[in-house]
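Listing of query-v6.txt, compact mmCIF, C-alpha atoms
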```
# COMPACT_ATOMS: atom_id res chain seq x y z
CA ARG F 18 -97.18 101.23 28.62
CA LEU F 19 -93.52 101.78 29.60
CA LEU F 20 -92.49 98.37 28.25
CA LYS F 21 -94.27 99.07 24.98
CA LEU F 22 -92.61 102.49 24.76
CA LYS F 23 -89.20 100.93 25.47
CA GLU F 24 -89.66 98.37 22.67
CA MET F 25 -90.81 101.04 20.20
CA PHE F 26 -87.82 103.20 21.16
CA LYS F 27 -85.46 100.27 20.48
CA SER F 28 -86.97 99.62 17.04
CA LYS F 29 -86.88 103.36 16.20
CA PHE F 30 -83.41 104.34 17.44
CA GLY F 31 -81.62 100.98 17.77
CA SER F 32 -80.87 101.53 21.47
CA PHE F 33 -82.73 101.72 24.79
CA PRO F 34 -83.88 104.92 26.54
CA LYS F 35 -81.90 106.08 29.59
CA PHE F 36 -84.87 107.68 31.36
CA TYR F 37 -88.54 108.64 31.05
CA VAL F 38 -90.42 111.84 31.88
CA ARG F 39 -94.15 112.21 32.43
CA ALA F 40 -96.25 115.37 32.69
CA PRO F 41 -100.02 115.23 33.25
CA GLY F 42 -102.86 116.97 31.47
CA ARG F 43 -105.26 118.93 33.64
CA VAL F 44 -108.89 119.77 34.09
CA ASN F 45 -109.78 123.24 35.31
CA ILE F 46 -112.62 122.81 37.81
CA ILE F 47 -113.42 126.52 37.95
CA GLY F 48 -111.72 129.78 36.96
CA GLU F 49 -111.83 129.92 33.16
CA HIS F 50 -109.91 132.56 31.17
CA ILE F 51 -108.79 134.46 34.27
CA ASP F 52 -105.21 133.26 34.85
CA TYR F 53 -103.88 135.63 32.18
CA CYS F 54 -105.82 138.42 33.91
CA GLY F 55 -103.83 137.78 37.11
CA TYR F 56 -106.47 135.81 39.02
CA SER F 57 -106.31 132.51 40.90
CA VAL F 58 -107.65 129.32 39.31
CA LEU F 59 -108.63 125.92 40.65
CA PRO F 60 -107.40 123.02 38.48
CA MET F 61 -106.37 119.44 39.17
CA ALA F 62 -104.08 117.14 37.21
CA VAL F 63 -105.77 114.25 35.38
CA GLU F 64 -104.38 110.73 35.16
CA GLN F 65 -103.86 111.09 31.38
CA ASP F 66 -100.37 112.33 30.56
CA MET F 67 -97.50 112.86 28.16
CA LEU F 68 -94.72 110.30 28.50
CA ILE F 69 -91.34 110.69 26.80
CA ALA F 70 -88.58 108.09 26.54
CA VAL F 71 -85.18 109.77 26.26
CA GLU F 72 -81.60 108.93 25.33
CA PRO F 73 -78.95 111.70 25.36
CA VAL F 74 -76.63 111.50 22.32
CA LYS F 75 -73.16 112.90 21.63
CA THR F 76 -74.21 114.90 18.55
CA TYR F 77 -75.94 118.28 18.48
CA THR F 78 -79.09 116.81 16.94
CA LEU F 79 -82.54 116.56 18.45
CA HIS F 80 -84.51 113.58 17.05
CA LEU F 81 -88.23 113.55 17.90
CA ALA F 82 -90.59 110.68 17.17
CA ASN F 83 -94.16 109.99 18.26
CA THR F 84 -95.94 106.70 18.93
CA ASN F 85 -98.95 108.14 17.08
CA PRO F 86 -98.40 107.68 13.31
CA LEU F 87 -100.40 110.87 12.66
CA TYR F 88 -97.45 112.88 14.02
CA PRO F 89 -94.41 112.65 11.71
CA ASP F 90 -90.81 112.39 12.93
CA PHE F 91 -88.80 115.58 13.24
CA SER F 92 -85.08 116.39 13.56
CA THR F 93 -83.25 119.67 14.10
CA SER F 94 -79.92 121.00 15.28
CA THR F 95 -79.91 121.85 19.00
CA THR F 96 -77.84 124.95 18.22
CA ASP F 97 -80.47 126.54 15.97
CA VAL F 98 -84.01 125.81 17.18
CA GLN F 99 -86.65 127.55 15.04
CA ILE F 100 -90.33 127.56 16.07
CA ASP F 101 -92.80 128.34 13.29
CA LYS F 102 -95.70 130.30 14.84
CA SER F 103 -97.76 129.99 11.68
CA LYS F 104 -98.06 126.19 12.05
CA PRO F 105 -98.86 124.71 15.48
CA LEU F 106 -97.30 121.32 14.60
CA TRP F 107 -96.79 118.79 17.40
CA HIS F 108 -92.99 119.03 17.52
CA ASN F 109 -93.12 122.81 17.99
CA TYR F 110 -94.56 122.30 21.49
CA PHE F 111 -91.57 120.12 22.38
CA LEU F 112 -89.27 122.79 20.95
CA CYS F 113 -90.93 125.44 23.19
CA GLY F 114 -89.95 123.53 26.35
CA PHE F 115 -86.49 122.73 25.00
CA LYS F 116 -85.79 126.34 23.97
CA GLY F 117 -87.14 127.76 27.25
CA VAL F 118 -84.70 125.75 29.37
CA GLN F 119 -81.83 126.26 26.90
CA GLU F 120 -82.30 130.05 27.00
CA HIS F 121 -82.77 130.13 30.78
CA PHE F 122 -79.27 128.73 31.22
CA GLY F 123 -77.86 130.69 28.24
CA LEU F 124 -76.57 127.57 26.48
CA SER F 125 -75.54 127.98 22.85
CA ASN F 126 -74.80 124.31 22.06
CA PRO F 127 -76.85 121.95 24.28
CA THR F 128 -76.37 118.21 23.87
CA GLY F 129 -78.56 116.26 21.43
CA MET F 130 -81.10 113.56 22.28
CA ASN F 131 -83.39 110.91 20.89
CA CYS F 132 -86.96 111.24 22.19
CA LEU F 133 -90.05 109.10 21.67
CA VAL F 134 -93.27 110.81 22.76
CA ASP F 135 -96.40 108.95 23.83
CA GLY F 136 -99.50 110.83 24.92
CA ASN F 137 -102.95 109.72 26.07
CA VAL F 138 -104.35 113.21 26.75
CA PRO F 139 -106.91 113.67 23.95
CA PRO F 140 -105.53 116.42 21.63
CA SER F 141 -107.39 119.74 21.16
CA SER F 142 -109.82 118.75 23.92
CA GLY F 143 -109.15 121.49 26.48
CA LEU F 144 -107.28 119.09 28.80
CA SER F 145 -103.98 120.78 28.07
CA SER F 146 -102.21 118.18 25.97
CA SER F 147 -100.02 120.90 24.39
CA SER F 148 -98.90 122.39 27.72
CA ALA F 149 -98.24 118.89 29.08
CA LEU F 150 -95.90 118.34 26.11
CA VAL F 151 -94.15 121.70 26.69
CA CYS F 152 -93.67 120.84 30.39
CA CYS F 153 -92.51 117.31 29.61
CA ALA F 154 -89.97 118.70 27.11
CA GLY F 155 -88.73 121.26 29.63
CA LEU F 156 -88.14 118.55 32.24
CA VAL F 157 -86.51 116.26 29.64
CA THR F 158 -84.10 119.06 28.65
CA LEU F 159 -83.30 119.94 32.26
CA THR F 160 -82.54 116.27 33.01
CA VAL F 161 -80.34 115.78 29.94
CA LEU F 162 -78.38 118.93 30.83
CA GLY F 163 -77.97 117.74 34.42
CA MET F 164 -79.25 121.09 35.74
CA LYS F 165 -81.51 121.79 38.73
CA LEU F 166 -84.55 124.06 39.02
CA SER F 167 -87.48 124.17 41.43
CA LYS F 168 -90.92 123.11 40.16
CA VAL F 169 -92.09 126.72 40.42
CA GLU F 170 -89.12 127.97 38.32
CA LEU F 171 -89.72 125.26 35.73
CA ALA F 172 -93.44 126.10 35.56
CA GLU F 173 -92.63 129.78 35.01
CA ILE F 174 -90.08 128.98 32.26
CA CYS F 175 -92.55 126.68 30.46
CA THR F 176 -95.33 129.30 30.73
CA LYS F 177 -93.12 131.89 29.04
CA SER F 178 -91.72 129.49 26.45
CA GLU F 179 -95.15 128.25 25.31
CA ARG F 180 -95.70 131.78 24.01
CA TYR F 181 -93.16 130.98 21.27
CA ILE F 182 -96.06 129.19 19.57
CA GLY F 183 -98.15 132.37 19.68
CA THR F 184 -100.69 131.80 22.49
CA GLU F 185 -100.72 134.43 25.24
CA GLY F 186 -101.64 132.00 28.05
CA GLY F 187 -101.54 132.76 31.74
CA GLY F 188 -99.66 129.91 33.41
CA MET F 189 -102.34 127.69 34.94
CA ASP F 190 -101.63 124.67 32.73
CA GLN F 191 -97.89 124.61 33.29
CA SER F 192 -98.24 125.30 37.04
CA ILE F 193 -100.61 122.42 37.73
CA SER F 194 -98.57 120.09 35.50
CA PHE F 195 -95.56 120.56 37.82
CA LEU F 196 -97.19 121.36 41.18
CA ALA F 197 -100.05 118.83 41.20
CA GLU F 198 -100.25 116.27 44.00
CA GLU F 199 -102.32 113.12 44.02
CA GLY F 200 -105.65 113.37 45.81
CA THR F 201 -106.00 117.15 45.92
CA ALA F 202 -106.98 119.98 43.61
CA LYS F 203 -104.88 123.16 43.83
CA LEU F 204 -105.64 126.82 44.15
CA ILE F 205 -102.98 128.31 41.86
CA GLU F 206 -102.14 131.96 42.56
CA PHE F 207 -99.86 134.17 40.47
CA ASN F 208 -97.28 136.93 41.01
CA PRO F 209 -95.64 135.17 42.83
CA LEU F 210 -96.66 131.69 41.69
CA ARG F 211 -97.88 129.45 44.53
CA ALA F 212 -100.18 126.46 44.95
CA THR F 213 -102.42 125.58 47.91
CA ASP F 214 -104.24 122.27 48.45
CA VAL F 215 -108.02 122.36 48.07
CA LYS F 216 -109.66 119.23 49.44
CA LEU F 217 -112.63 118.31 47.24
CA PRO F 218 -115.78 117.00 48.94
CA SER F 219 -116.03 113.26 49.51
CA GLY F 220 -118.96 111.43 47.93
CA ALA F 221 -118.67 113.18 44.56
CA VAL F 222 -116.46 112.73 41.50
CA PHE F 223 -115.53 114.88 38.53
CA VAL F 224 -116.43 113.46 35.13
CA ILE F 225 -114.85 114.70 31.91
CA ALA F 226 -116.84 114.47 28.68
CA ASN F 227 -115.39 115.35 25.28
CA SER F 228 -117.67 117.32 22.95
CA CYS F 229 -115.65 115.84 20.03
CA VAL F 230 -115.25 119.36 18.63
CA GLU F 231 -111.50 119.97 18.35
CA MET F 232 -110.10 123.38 19.21
CA ASN F 233 -106.42 124.19 18.81
CA LYS F 234 -106.03 127.59 20.46
CA ALA F 235 -102.76 128.32 18.65
CA ALA F 236 -104.45 127.82 15.27
CA THR F 237 -107.09 130.58 15.67
CA SER F 238 -107.13 134.09 17.09
CA HIS F 239 -110.23 133.59 19.36
CA PHE F 240 -108.02 133.10 22.39
CA ASN F 241 -105.68 136.03 21.81
CA ILE F 242 -108.60 138.35 21.00
CA ARG F 243 -110.00 137.62 24.49
CA VAL F 244 -106.60 138.32 26.06
CA MET F 245 -106.49 141.69 24.27
CA GLU F 246 -110.11 142.55 25.16
CA CYS F 247 -109.26 141.99 28.83
CA ARG F 248 -106.09 144.09 28.49
CA LEU F 249 -108.04 146.95 26.85
CA ALA F 250 -110.82 146.75 29.48
CA ALA F 251 -108.15 146.99 32.21
CA LYS F 252 -106.64 150.08 30.56
CA LEU F 253 -110.03 151.83 30.17
CA LEU F 254 -111.02 151.08 33.78
CA ALA F 255 -107.61 152.30 34.99
CA LYS F 256 -107.85 155.52 32.92
CA HIS F 257 -111.36 156.20 34.27
CA LYS F 258 -110.02 155.83 37.83
CA SER F 259 -106.97 158.06 37.10
CA LEU F 260 -104.51 155.19 37.52
CA PRO F 261 -101.35 154.97 35.35
CA TRP F 262 -103.27 153.07 32.65
CA ASP F 263 -100.35 152.75 30.22
CA LYS F 264 -98.55 150.48 32.74
CA VAL F 265 -101.64 148.30 33.38
CA LEU F 266 -101.88 144.98 31.51
CA ARG F 267 -104.28 142.89 33.62
CA LEU F 268 -107.71 143.34 35.17
CA GLU F 269 -106.38 142.15 38.54
CA GLU F 270 -103.93 145.09 38.64
CA VAL F 271 -106.84 147.55 38.51
CA GLN F 272 -108.51 145.90 41.48
CA ALA F 273 -105.22 145.72 43.43
CA GLN F 274 -104.44 149.41 42.81
CA LEU F 275 -107.96 150.50 43.81
CA GLY F 276 -107.85 148.21 46.86
CA ILE F 277 -111.49 147.14 46.53
CA SER F 278 -113.36 143.82 46.41
CA LEU F 279 -114.30 141.83 43.30
CA GLU F 280 -117.95 142.69 43.93
CA GLU F 281 -117.04 146.39 43.93
CA MET F 282 -115.03 145.90 40.71
CA LEU F 283 -118.22 144.60 39.06
CA LEU F 284 -119.97 147.86 40.06
CA VAL F 285 -117.04 149.92 38.69
CA THR F 286 -117.29 147.94 35.43
CA ASP F 287 -121.04 148.66 35.21
CA ALA F 288 -120.42 152.37 35.81
CA THR F 289 -117.47 152.73 33.42
CA LEU F 290 -117.86 150.45 30.39
CA HIS F 291 -120.86 150.19 28.05
CA PRO F 292 -122.29 146.85 26.84
CA GLU F 293 -122.12 147.86 23.16
CA PRO F 294 -118.92 146.73 21.43
CA TYR F 295 -116.06 149.24 21.19
CA SER F 296 -114.40 150.11 17.88
CA PRO F 297 -110.62 150.64 17.74
CA GLU F 298 -111.34 154.35 17.11
CA GLU F 299 -113.45 154.67 20.28
CA ILE F 300 -110.77 152.93 22.36
CA CYS F 301 -108.20 155.37 20.99
CA ARG F 302 -110.44 158.33 21.92
CA CYS F 303 -110.93 156.97 25.47
CA LEU F 304 -107.18 156.48 25.96
CA GLY F 305 -106.05 159.53 24.01
CA ILE F 306 -103.78 157.58 21.66
CA SER F 307 -103.50 157.08 17.89
CA LEU F 308 -104.63 153.98 15.98
CA GLU F 309 -100.99 153.31 15.18
CA GLU F 310 -100.10 153.32 18.91
CA LEU F 311 -103.01 150.96 19.65
CA ARG F 312 -101.94 148.53 16.96
CA THR F 313 -98.19 148.53 17.60
CA GLN F 314 -97.97 149.10 21.37
CA ILE F 315 -101.01 147.31 22.83
CA LEU F 316 -102.44 144.70 20.44
CA SER F 317 -100.73 141.39 19.61
CA PRO F 318 -99.76 140.77 15.93
CA ASN F 319 -102.76 138.49 15.25
CA THR F 320 -105.33 140.89 16.76
CA ARG F 321 -104.33 144.11 14.96
CA ASP F 322 -107.11 143.83 12.38
CA VAL F 323 -109.95 143.18 14.85
CA THR F 324 -112.73 145.74 14.38
CA VAL F 325 -114.93 145.15 17.48
CA PHE F 326 -113.94 144.62 21.11
CA LYS F 327 -116.45 143.54 23.79
CA LEU F 328 -114.79 145.05 26.84
CA TYR F 329 -117.76 145.21 29.23
CA GLN F 330 -118.72 141.55 28.80
CA ARG F 331 -115.14 140.27 29.17
CA ALA F 332 -114.46 142.29 32.34
CA LYS F 333 -117.80 141.18 33.86
CA HIS F 334 -116.89 137.55 33.23
CA VAL F 335 -113.38 137.87 34.69
CA TYR F 336 -114.38 139.64 37.92
CA SER F 337 -117.38 137.36 38.55
CA GLU F 338 -115.40 134.20 37.71
CA ALA F 339 -112.54 135.26 40.02
CA ALA F 340 -115.11 135.62 42.81
CA ARG F 341 -116.54 132.15 42.06
CA VAL F 342 -113.08 130.58 42.46
CA LEU F 343 -112.79 132.05 45.97
CA GLN F 344 -116.36 130.96 46.84
CA PHE F 345 -115.60 127.44 45.55
CA ARG F 346 -112.52 127.20 47.73
CA LYS F 347 -114.45 128.46 50.78
CA VAL F 348 -117.20 125.86 50.32
CA CYS F 349 -114.52 123.14 50.09
CA GLU F 350 -112.91 124.41 53.31
CA ASP F 351 -116.18 124.83 55.26
CA SER F 352 -117.68 121.59 53.84
CA PRO F 353 -121.34 122.31 54.68
CA GLU F 354 -123.86 119.47 54.30
CA ASP F 355 -124.96 120.72 50.88
CA ALA F 356 -121.37 121.35 49.68
CA VAL F 357 -121.80 119.33 46.48
CA ALA F 358 -124.96 121.24 45.52
CA GLN F 359 -123.29 124.60 46.25
CA LEU F 360 -120.19 123.72 44.23
CA GLY F 361 -122.37 122.45 41.39
CA GLU F 362 -124.27 125.75 41.29
CA LEU F 363 -120.97 127.71 41.08
CA MET F 364 -119.93 125.51 38.12
CA ASN F 365 -123.30 126.14 36.43
CA GLN F 366 -122.89 129.91 36.91
CA SER F 367 -119.38 129.66 35.47
CA HIS F 368 -120.65 127.96 32.32
CA ARG F 369 -123.37 130.58 31.81
CA SER F 370 -120.76 133.33 32.13
CA CYS F 371 -118.40 131.58 29.67
CA ARG F 372 -121.29 131.14 27.23
CA ASP F 373 -122.98 134.54 27.48
CA LEU F 374 -120.28 137.03 28.56
CA TYR F 375 -117.04 135.48 27.35
CA GLU F 376 -118.58 133.74 24.32
CA CYS F 377 -116.10 130.86 24.42
CA SER F 378 -118.64 128.03 24.28
CA CYS F 379 -120.16 126.40 21.19
CA PRO F 380 -123.51 124.66 20.48
CA GLU F 381 -122.06 121.18 21.10
CA LEU F 382 -120.58 122.19 24.48
CA ASP F 383 -123.89 123.77 25.53
CA GLN F 384 -125.74 120.62 24.48
CA LEU F 385 -123.28 118.41 26.37
CA VAL F 386 -123.53 120.56 29.53
CA ASP F 387 -127.35 120.33 29.39
CA THR F 388 -127.14 116.56 28.83
CA CYS F 389 -124.82 116.15 31.84
CA ARG F 390 -127.12 118.18 34.10
CA ARG F 391 -130.19 116.24 32.98
CA SER F 392 -128.28 112.99 33.52
CA GLY F 393 -127.64 113.69 37.20
CA ALA F 394 -124.68 116.11 37.46
CA GLN F 395 -124.94 118.69 40.25
CA GLY F 396 -122.96 121.10 38.10
CA SER F 397 -121.42 121.08 34.63
CA ARG F 398 -119.33 123.53 32.64
CA LEU F 399 -116.92 123.79 29.74
CA THR F 400 -113.28 123.43 30.76
CA GLY F 401 -110.15 124.68 29.00
CA ALA F 402 -110.16 127.47 26.45
CA GLY F 403 -113.56 126.44 25.07
CA TRP F 404 -114.94 126.72 21.50
CA GLY F 405 -114.86 122.91 21.63
CA GLY F 406 -113.05 120.42 23.82
CA CYS F 407 -114.41 119.05 27.09
CA THR F 408 -116.90 119.64 29.87
CA VAL F 409 -116.32 118.83 33.54
CA SER F 410 -119.24 117.75 35.71
CA LEU F 411 -119.62 117.20 39.45
CA VAL F 412 -121.50 113.93 39.99
CA PRO F 413 -122.51 112.22 43.26
CA GLU F 414 -120.46 109.03 43.48
CA ASP F 415 -123.44 106.73 43.94
CA ALA F 416 -125.07 108.17 40.80
CA LEU F 417 -121.97 107.67 38.62
CA PRO F 418 -122.84 104.44 36.70
CA GLY F 419 -126.29 105.73 35.72
CA PHE F 420 -124.85 109.14 34.80
CA LEU F 421 -122.22 107.64 32.47
CA ALA F 422 -124.80 105.41 30.77
CA ARG F 423 -127.28 108.28 30.22
CA VAL F 424 -124.67 110.70 28.84
CA HIS F 425 -123.26 107.96 26.59
CA GLU F 426 -126.69 107.27 25.16
CA ALA F 427 -127.90 110.88 24.90
CA TYR F 428 -124.78 112.55 23.50
CA TYR F 429 -122.58 109.97 21.81
CA GLN F 430 -124.79 107.14 20.56
CA GLY F 431 -126.25 107.74 17.12
CA SER F 432 -125.84 111.51 17.36
CA GLY F 433 -122.94 111.93 14.96
CA HIS F 434 -120.60 113.19 17.75
CA GLY F 435 -117.75 110.93 16.71
CA ALA F 436 -117.38 107.26 17.50
CA ALA F 437 -118.75 105.66 20.66
CA PRO F 438 -116.57 107.01 23.45
CA GLY F 439 -113.53 105.08 24.54
CA GLN F 440 -111.86 106.10 27.77
CA HIS F 441 -110.85 109.34 25.99
CA SER F 442 -114.37 110.69 25.59
CA LEU F 443 -116.19 110.11 28.87
CA PHE F 444 -114.45 109.25 32.13
CA ALA F 445 -114.42 109.96 35.86
CA THR F 446 -111.13 111.32 37.14
CA LYS F 447 -109.40 111.88 40.46
CA PRO F 448 -106.71 114.49 41.15
CA GLY F 449 -103.42 113.03 39.88
CA GLY F 450 -99.75 113.76 40.61
CA GLY F 451 -97.43 116.20 38.84
CA ALA F 452 -94.53 115.86 36.43
CA LEU F 453 -91.69 113.50 37.30
CA VAL F 454 -88.60 111.74 35.94
CA PHE F 455 -87.94 108.03 36.31
CA LEU F 456 -84.72 106.30 35.37
CA GLU F 457 -84.45 103.08 33.36
CA ALA F 458 -83.92 100.31 35.93
```

The structure in this file should be written as C-alpha cells.
Amino acid sequence: RLLKLKEMFKSKFGSFPKFYVRAPGRVNIIGEHIDYCGYSVLPMAVEQDMLIAVEPVKTYTLHLANTNPLYPDFSTSTTDVQIDKSKPLWHNYFLCGFKGVQEHFGLSNPTGMNCLVDGNVPPSSGLSSSSALVCCAGLVTLTVLGMKLSKVELAEICTKSERYIGTEGGGMDQSISFLAEEGTAKLIEFNPLRATDVKLPSGAVFVIANSCVEMNKAATSHFNIRVMECRLAAKLLAKHKSLPWDKVLRLEEVQAQLGISLEEMLLVTDATLHPEPYSPEEICRCLGISLEELRTQILSPNTRDVTVFKLYQRAKHVYSEAARVLQFRKVCEDSPEDAVAQLGELMNQSHRSCRDLYECSCPELDQLVDTCRRSGAQGSRLTGAGWGGCTVSLVPEDALPGFLARVHEAYYQGSGHGAAPGQHSLFATKPGGGALVFLEA
C-alpha cells in the first residue's frame, strides 16, 4: 500500500513524499453517545486507517489530493484556512486538524505541503473515518512544523478542532485514534483525558458488519439534537436538585455534584423528568428563562428550531449506558467462566437502549443485529453515532467461519443491501495500534 501511495504521489506532485502518517478508525465496543455527556467509553482501534503521504513545500499553499477519485483535489492558502460548516466535504476534515494545530501554536503563516490521502475505513459507516482524517491531519501538521505535543494534548486539540465542521462530539474517536495500543481495548475517561487497558476475553472476537446505510453526522442535525437533549436534561435535573443549573452542561456533572451512583441517578431521573416530550416553552418554564435565552444561550445553531425534546429517554439511556461500560470493564477484569455470555448480554442491552431510548438505530441496523444474534453472536449492537453505519458483534472464535457465512447469506446476498461484502462490509477485527509517523527510508 505504501509503495502504491508513493508512486501515486510521484505522478501527482512530480516528487516523492518525505514522510507518512497513519491514524486508525475505531469501533466502540460499548458506551454509545455518552462521551459528550462526560462518561467513560470502551473503544478499540481497528486495523483500517487513514494514511497520508506528505511533502513540505516552501510556499504557503496546502495541496490536498485523494487516492479515491470520488474526492476531488483541493488547494488553499495556509494563511487563510476557511472551513465551510454547511458542506461536510472530505477536505474540510483535513482542514480541521490543520487549523487546530496551527491555532494551538498561534502560527499566522505555517509552511505549505503536498498531501495525498488514502483511506480504507469505510466512509459514513460509524467507524470514525472522519475523525481518523482529522487526527491524521493534526499529526501531519505537527510533524511538518517540527513541533512536539503529547498524544493526550493532540487528542484534545483534534477533538476541539473537529467541531469546526459543526458536530458537537465528545472526544472518544480522537482519543482512541492516538492512545490505542495493539492487542487491548481502552477505557477512555474524560476531564482529565486518560486511557486504561481493558483486556478482552480470549476465545472470542469482535466482528464488524456494515448495514450499508450511510450516515454522515455532520450532514444532519440528529446528532446535535441528542447532544442538546442531554444538555437540557442535565439542566432540568440540576435545577430540581437546587444545583447551579446554568453552569451545568453534562449529565455526568449532575451525578458528580450530587455524589451518588449511576443507579441512583436513574431513580432521580424517574422522579424528576416525565416520559412525554418537552416543548421549548415547557423547558423555559422549568428553568425560568425566556425562549430567546433558550435559543441563543443553550441551543446550538442547528437545533434552535426543534419543537420537541425527549429529555427523560435520553437521560435514562446515558446513565444506564455509563453503568454498562463499568460492568463490561469489571467482567473483563474478573474474567468469570461465562465472561463472553455476560459481555454479550451487556452489548444486547446497549443496543436495546440505543434503539428504544436514544432512537439512534434504523430498521436496517435492527435487522442486522438480529441476523448477527441468530447467526451465533453472543451479543450485537450498533456502533458509532447510529442511524446507519455498522454493528459490532461478540462471536466465539470457533464459531467465526459459520457466523460470517450465515450473516453474509442472510443480510447481504440477494437482499438489496449493496454489493456482496468485500473486506469493508463484514470482517473480524483485533485491537490495533494508534496514530504514528514513519519517515521515507

inquiry  = Here is a test: counting all atoms listed in the file, which residue of F:Ala202, F:Leu443, F:Ala221, F:Met164 is nearest to F:Ala358?
reply    = F:Ala221

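Here atom CA of F:Leu68 stands at a distance of 10.6 Å from atom CA of F:Phe36.
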
request  = Record the distance separating atom CA of F:Ala394 and atom CA of F:Leu411, expressed in Å with one decimal.
outcome  = 5.5 Å

Test item: axis-aligned box, all listed atoms of stretch 299-309 of chain F, 6 Å on each side, centre and edges in Å rounded to one decimal, as AutoDock Vina command-line options:
```
--center_x -107.2 --center_y 156.2 --center_z 20.6 --size_x 24.5 --size_y 18.6 --size_z 22.8
```

Sphere at (-92.6, 114.4, 21.2), radius 6 Å, counting only C-alpha atoms: residues as an NGL selection string = :F and (81-83 or 108 or 111 or 133-134)

task = Just give me the residues with any atom within 10 Å of (-103.5, 141.9, 18.6), file coordinates, counting only C-alpha atoms, written as a PyMOL selection string.
result = chain F and resi 238+241-246+311-323

request  = Find the residue from F:Glu299, F:Val38, F:Ala62, F:Ile277 that sits nearest to F:Val138; use only C-alpha atoms when measuring.
outcome  =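 Of F:Glu299, F:Val38, F:Ala62, F:Ile277, the one nearest F:Val138 is F:Ala62, counting only C-alpha atoms.
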
Counting all atoms listed in the file, which residues of stretch 200-254 of chain F sit at most 12 Å from some atom of stretch 281-291 of chain F, and what is each one's closest atom pair with its distance in Å to one decimal, listed by chain and rising residue number, as a Markdown table?
```
| residue | atom | partner | partner_atom | distance |
| --- | --- | --- | --- | --- |
| F:Cys247 | CA | F:Thr286 | CA | 12.0 |
| F:Leu249 | CA | F:Leu290 | CA | 11.0 |
| F:Ala250 | CA | F:Leu290 | CA | 8.0 |
| F:Ala251 | CA | F:Thr286 | CA | 9.7 |
| F:Lys252 | CA | F:Leu290 | CA | 11.2 |
| F:Leu253 | CA | F:Leu290 | CA | 8.0 |
| F:Leu254 | CA | F:Thr289 | CA | 6.7 |
```

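Distances here use only C-alpha atoms; by that measure, the residue among F:Phe455, F:Tyr56, F:Phe122, F:Phe444 closest to F:Tyr336 is F:Tyr56.
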
key: Distance criterion (all atoms listed in the file): nearest to F:Glu362 out of F:Lys347, F:Arg341, F:Lys116, F:Lys327   =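 With all atoms listed in the file as the atom set, the closest residue is F:Arg341.
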
note = Taken to one decimal, the atom CA of F:Glu293-atom CA of F:Arg372 distance is 17.2 Å

key: Pick from F:Ser352, F:Glu280, F:Gly117, F:Thr400 nearest to F:Ser145, counting all atoms listed in the file   =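 Among the listed residues, the smallest separation from F:Ser145 belongs to F:Thr400.
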
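Restricting the calculation to all atoms listed in the file, the smallest distance between F:Ser94 and any of F:Gly276, F:Pro292, F:Pro127, F:Pro73 is found for F:Pro127.
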
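Non-sequential neighbours of F:Val98 (distance at most 9 Å, separation of 2 or more positions within a chain, only C-alpha atoms) are Thr93, Ser94, Thr95, Thr96, Ile100, Leu112, Phe115 and Lys116 of chain F.
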
message = Can you tell me which residues surround stretch 20-29 of chain F at a distance of at most 12 Å, considering all atoms listed in the file, apart from same-chain residues fewer than 4 positions away, and format the answer as a count of residues only?
response = 27

Test item: residues at most 8 Å from F:Leu196, all atoms listed in the file, excluding those fewer than 2 positions along its chain, as a list of chain:residue names =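 Using all atoms listed in the file, the neighbours found are F:Lys168, F:Val169, F:Ser192, F:Ile193, F:Ser194, F:Glu198, F:Ala212, F:Gly451, F:Ala452.
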